[in-house]
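Asks: Dropping a structure here in structure tokens format, bear with me for questions.
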Amino acid sequence: MTSLKVCKYFIKSSPVGELHEVLDDIGKVLGSQDFLSTPEIKDALRDYYETHKLHVTFSDGRTAMVAPMGRQEALVKHVPVEGG
């Protein structure tokens with residue numbers, strides 16, 4: 001899907017501190033925020049956060065830095081079976 005490639009490019013090119021504005025603008029152009037739930041966009045956002053080592057604040061007030069170090073991947077990845 002070409003629009004996902006464009007979205008990923010805009011995410012990758014977003015200046016630090018302006019990602020939320022870029023995501024809002026993408027949602028306005030596409031007509032919804034549904035693109036945020038696609039695996040490709042989730043991966044692009046994770047890469048962006050890890051690359052820029054952004055800080056996030058949890059609901060309990062704790063702060064953490066997003067970094068690839070210590071990231072845990074899913075133990076089982078879904079692999080579609082062809083045929084049946």
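Note on naming: chains are A, B, ... as they come in the structure tokens, residues start from 1 per chain, ligands start from 1 in the order shown.
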Counting only C-alpha atoms, what is within 12 Å of A:Leu19, bar same-chain residues fewer than 2 positions away, as an MDAnalysis selection string?

Replies: chainID A and resid 7:17 21:26 44:45 48:49 52 54

Asks: What separation in Å, quoted to one decimal, exists between atom CA of A:Val66 and atom CA of A:Asp47?

Replies: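 So the answer is 9.7 Å.
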
Asks: Residues within 9 Å of A:Val56, please, as a JSON list (two decimals) with N, CA and C atoms, in the first residue's frame. Count only C-alpha atoms; anything in the same chain fewer than 4 positions from it doesn't count.

Replies:
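After the write, out_4.json holds the following:
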```json
[["chain", "number", "residue", "atom", "x", "y", "z"],
["A", 62, "ARG", "N", 6.26, 7.78, 36.57],
["A", 62, "ARG", "CA", 7.62, 7.37, 36.25],
["A", 62, "ARG", "C", 7.97, 7.74, 34.82],
["A", 63, "THR", "N", 9.25, 7.99, 34.57],
["A", 63, "THR", "CA", 9.73, 8.35, 33.24],
["A", 63, "THR", "C", 10.72, 7.29, 32.78],
["A", 64, "ALA", "N", 10.69, 6.99, 31.48],
["A", 64, "ALA", "CA", 11.61, 6.01, 30.92],
["A", 64, "ALA", "C", 12.09, 6.50, 29.56],
["A", 65, "MET", "N", 13.26, 6.03, 29.17],
["A", 65, "MET", "CA", 13.79, 6.36, 27.86],
["A", 65, "MET", "C", 13.59, 5.15, 26.94],
["A", 66, "VAL", "N", 13.08, 5.39, 25.75],
["A", 66, "VAL", "CA", 12.87, 4.31, 24.79],
["A", 66, "VAL", "C", 14.18, 4.06, 24.07]]
```

Asks: State, in Å with one decimal place, the distance from atom CA of A:Leu30 to atom CA of A:Leu4.

Replies: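 These atoms are spaced 10.6 Å apart.
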
Asks: Can you check which residues of stretch 20-66 of chain A DSSP gives as strand (DSSP E or B) on the backbone and send them as a list in words?

Replies: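 Filtering stretch 20-66 of chain A to strand (DSSP E or B) leaves His55, Val56, Thr57, Thr63, Ala64 and Met65 of chain A.
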
Asks: Please, could you write that set of residues out with N, CA and C atoms as a short mmCIF file (atom, residue, chain, number, x, y, z; two decimals), in the first residue's frame?

Replies:
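Okay, this is what ended up in again_3.cif:
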```
data_model
loop_
_atom_site.label_atom_id
_atom_site.label_comp_id
_atom_site.auth_asym_id
_atom_site.auth_seq_id
_atom_site.Cartn_x
_atom_site.Cartn_y
_atom_site.Cartn_z
N HIS A 55 11.86 10.16 25.67
CA HIS A 55 11.43 9.87 27.03
C HIS A 55 9.91 9.80 27.06
N VAL A 56 9.39 8.82 27.76
CA VAL A 56 7.95 8.68 27.91
C VAL A 56 7.63 8.72 29.40
N THR A 57 6.45 9.25 29.71
CA THR A 57 6.00 9.33 31.10
C THR A 57 4.82 8.38 31.26
N THR A 63 9.25 7.99 34.57
CA THR A 63 9.73 8.35 33.24
C THR A 63 10.72 7.29 32.78
N ALA A 64 10.69 6.99 31.48
CA ALA A 64 11.61 6.01 30.92
C ALA A 64 12.09 6.50 29.56
N MET A 65 13.26 6.03 29.17
CA MET A 65 13.79 6.36 27.86
C MET A 65 13.59 5.15 26.94
#
```

Asks: At what distance in Å, to one decimal, does atom CA of A:Lys53 lie from atom CA of A:Pro68?

Replies: 8.8 Å

Asks: Measuring atom to atom with only C-alpha atoms, identify which of A:Val6, A:Met69, A:Val29, A:Leu36 is nearest to A:Glu50.

Replies: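 Comparing A:Val6, A:Met69, A:Val29, A:Leu36 against A:Glu50, the winner is A:Met69.
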